[in-house]
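Let me begin by presenting the structure, written as C-alpha cells, before commenting on it.
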Amino acid sequence: MLAYASGIFPWPIFDDDLMTWFSPDPRAILELDRLHVSRSLTKVLRQGHFQVTIDEAFADVVSACASPAPDRPDTWITRALEAAYVELHRAGHAHSVEVWQEGLLVGGLYGVALAGLFAGESMFSRVTDASKVALVHLVERLRARDFQLLDIQQATPHMRRMGAHEISRPEYLRRLELALAAPRTF
C-alpha cells in the first residue's frame, strides 16, 4: 500500500521474471466527471443485458485478467501478483467490478482503493462491451463516494476513447497527495 501512496505500481519484466516498480511520466488518469460514454454504450447499458456486482468474484476477475487473450498473449499478472492482489482484497484494499450475462462472468476489472485514490490495475472482456460496462459502473461508484483520483497508469486507445488522458508526474503526485488526504470507503 505504501507503493500506491508513493505513486508507484508493480510492473514485471518478462525476460528476467523480475518484479519492478514504476512511476511513469506522463501518467494516465480518467477524470471521474469526464467519462465519455458513447451512444451505443448508453444503449447497451439501458438494455440491461448485463448484471453488475461488486467484490463477489474478485479472484475470478484477477484470474481472467491474467489469462492470455487473442490480442494479448502475454500478461503482466504473474501468479505471485495474482496471489498478492487476492490478499489485498481479503484485507479490504483491492476491489472488483464483475459483469455477468446469463450467470456467466463475461467482463470485469479490479484495482486498489486507498483513501480517495482508486488505482485501476486490469480489466477483461469476454463479450463486446463488458469491460466498458464495468468501467462505467466503477466510475459511478467512485463518484457516489466522492473519490478524487482514478489512476489508470497507462493510456490505451480504448481508454482514451472513454476519456482518459495523461498528466505529468509532478501533477499526478500533487493530485495523489490530495486524494490521500480524502478518506473514502469503496
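Quick note on naming: the chains in the C-alpha cells go A, B, ... in the order shown, residues restart at 1 in each chain, and ligands are numbered from 1 in order of appearance.
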Next item on the list: May I have the residues within 9 Å of segment 151-153 of chain A as a VMD selection string, using only C-alpha atoms and disregarding those fewer than 5 positions away in the same chain?
Entry: chain A and resid 9 23 to 24 26 to 31 117 to 122 159 164 166 172
Margin query: I need the helix (DSSP H, G or I) residues of segment 23-151 of chain A per DSSP on the backbone, written as an NGL selection string.
Written below: :A and (39-47 or 58-66 or 79-90 or 130-144)
Note to self: Measuring between only C-alpha atoms, which one of A:Arg169, A:Lys132, A:His158, A:Arg141 shows the shortest distance to Val44 of chain A?
What the structure shows: A:Lys132
Notebook entry, point to check: Near Ala83 of chain A, counting only C-alpha atoms, which residues have an atom at most 12 Å away, once you skip same-chain residues fewer than 2 positions from it, shown as a list in words?
Noted result: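 My reading of the contact set: Phe58, Ala59, Asp60, Val62, Ser63, Ala66, Ile77, Thr78, Arg79, Ala80, Leu81, Tyr85, Val86, Glu87, Leu88, His89, Arg90 and Ala94 of chain A.
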Check: From the set A:Gln101, A:Ser38, A:Gln51, A:Ser96, which residue has the shortest atom-to-atom contact distance to Gly163 of chain A, counting only C-alpha atoms?
Finding: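 Ranked by minimum distance to Gly163 of chain A, first place goes to A:Ser38.
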Next item on the list: Write out as a VMD selection string which residues come within 12 Å of Leu104 of chain A when counting only C-alpha atoms, dropping same-chain ones fewer than 6 positions away.
Entry: chain A and resid 49 to 52 57 60 to 61 98 125 to 127 130
Suppose we keep N, CA and C atoms; can you now write the selection as a PDB file, in the first residue's frame?
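Ended up saving to selection_10.pdb:
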```pdb
ATOM      1  N   HIS A  49     -28.828  -6.057 -20.445  1.00  0.00           N
ATOM      2  CA  HIS A  49     -28.411  -7.436 -20.737  1.00  0.00           C
ATOM      3  C   HIS A  49     -27.337  -7.943 -19.771  1.00  0.00           C
ATOM      4  N   PHE A  50     -26.725  -7.019 -19.049  1.00  0.00           N
ATOM      5  CA  PHE A  50     -25.662  -7.377 -18.119  1.00  0.00           C
ATOM      6  C   PHE A  50     -26.117  -7.144 -16.686  1.00  0.00           C
ATOM      7  N   GLN A  51     -25.599  -7.970 -15.779  1.00  0.00           N
ATOM      8  CA  GLN A  51     -25.781  -7.746 -14.352  1.00  0.00           C
ATOM      9  C   GLN A  51     -24.396  -7.398 -13.801  1.00  0.00           C
ATOM     10  N   VAL A  52     -24.365  -6.433 -12.905  1.00  0.00           N
ATOM     11  CA  VAL A  52     -23.091  -5.960 -12.367  1.00  0.00           C
ATOM     12  C   VAL A  52     -23.066  -6.171 -10.857  1.00  0.00           C
ATOM     13  N   ALA A  57     -16.675 -11.774  -6.988  1.00  0.00           N
ATOM     14  CA  ALA A  57     -15.856 -12.796  -7.645  1.00  0.00           C
ATOM     15  C   ALA A  57     -14.465 -12.227  -7.929  1.00  0.00           C
ATOM     16  N   ASP A  60     -11.780 -14.531  -9.390  1.00  0.00           N
ATOM     17  CA  ASP A  60     -12.117 -14.904 -10.767  1.00  0.00           C
ATOM     18  C   ASP A  60     -11.796 -13.771 -11.739  1.00  0.00           C
ATOM     19  N   VAL A  61     -12.037 -12.533 -11.319  1.00  0.00           N
ATOM     20  CA  VAL A  61     -11.724 -11.386 -12.174  1.00  0.00           C
ATOM     21  C   VAL A  61     -10.215 -11.281 -12.380  1.00  0.00           C
ATOM     22  N   GLU A  98     -17.669  -6.884 -11.321  1.00  0.00           N
ATOM     23  CA  GLU A  98     -17.920  -8.053 -12.163  1.00  0.00           C
ATOM     24  C   GLU A  98     -19.120  -7.790 -13.068  1.00  0.00           C
ATOM     25  N   SER A 125     -12.641  -8.640 -20.957  1.00  0.00           N
ATOM     26  CA  SER A 125     -13.952  -8.724 -21.578  1.00  0.00           C
ATOM     27  C   SER A 125     -14.019  -9.986 -22.419  1.00  0.00           C
ATOM     28  N   ARG A 126     -15.042 -10.772 -22.185  1.00  0.00           N
ATOM     29  CA  ARG A 126     -15.258 -11.980 -22.991  1.00  0.00           C
ATOM     30  C   ARG A 126     -16.356 -11.774 -24.020  1.00  0.00           C
ATOM     31  N   VAL A 127     -17.139 -10.725 -23.847  1.00  0.00           N
ATOM     32  CA  VAL A 127     -18.159 -10.346 -24.828  1.00  0.00           C
ATOM     33  C   VAL A 127     -18.063  -8.841 -25.046  1.00  0.00           C
ATOM     34  N   ALA A 130     -18.407  -5.608 -22.349  1.00  0.00           N
ATOM     35  CA  ALA A 130     -18.471  -5.992 -20.932  1.00  0.00           C
ATOM     36  C   ALA A 130     -17.482  -5.206 -20.070  1.00  0.00           C
TER      37      ALA A 130
END
```
Check: What gap, in Å, lies between atom CA of Phe186 of chain A and atom CA of Ala113 of chain A?
Finding: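 It comes out at 6.7 Å.
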Checklist line | Atom-to-atom span, atom CA of Ser168 of chain A and atom CA of Asp25 of chain A, Å | finding: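 Atom CA of Asp25 of chain A lies at a distance of 5.6 Å from atom CA of Ser168 of chain A.
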Checklist line | atom CA of Leu18 of chain A to atom CA of Trp76 of chain A, straight-line distance in Å | finding: 10.7 Å
Check: What are the DSSP strand (DSSP E or B) residues of segment 102-169 of chain A, as a list in words?
Finding: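 Restricting segment 102-169 of chain A to strand (DSSP E or B) produces Leu104, Leu105, Val106, Gly107, Gly108, Leu109, Tyr110, Gly111, Val112, Ala113, Leu114, Leu117, Phe118, Ala119, Gly120, Glu121, Ser122, Met123, Phe124, Ser125, Leu149, Leu150, Asp151, Ile152, Gln153, His165, Glu166 and Ile167 of chain A.
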Next item on the list: Would you mind telling me which residue in A:Glu102, A:Glu177, A:Asp129, A:Asp55 lies nearest to Lys43 of chain A when using only C-alpha atoms?
Entry: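 The shortest atom-to-atom distance to Lys43 of chain A comes from A:Asp129.
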Notebook entry, point to check: Restricting the calculation to only C-alpha atoms, which member of A:Ile167, A:Arg160, A:Pro183, A:Leu178 is positioned closest to Val37 of chain A?
Noted result: A:Arg160
Check: Closest to Leu149 of chain A among A:Leu135, A:Met1, A:Ala182, A:Cys65, using only C-alpha atoms?
Finding: A:Ala182
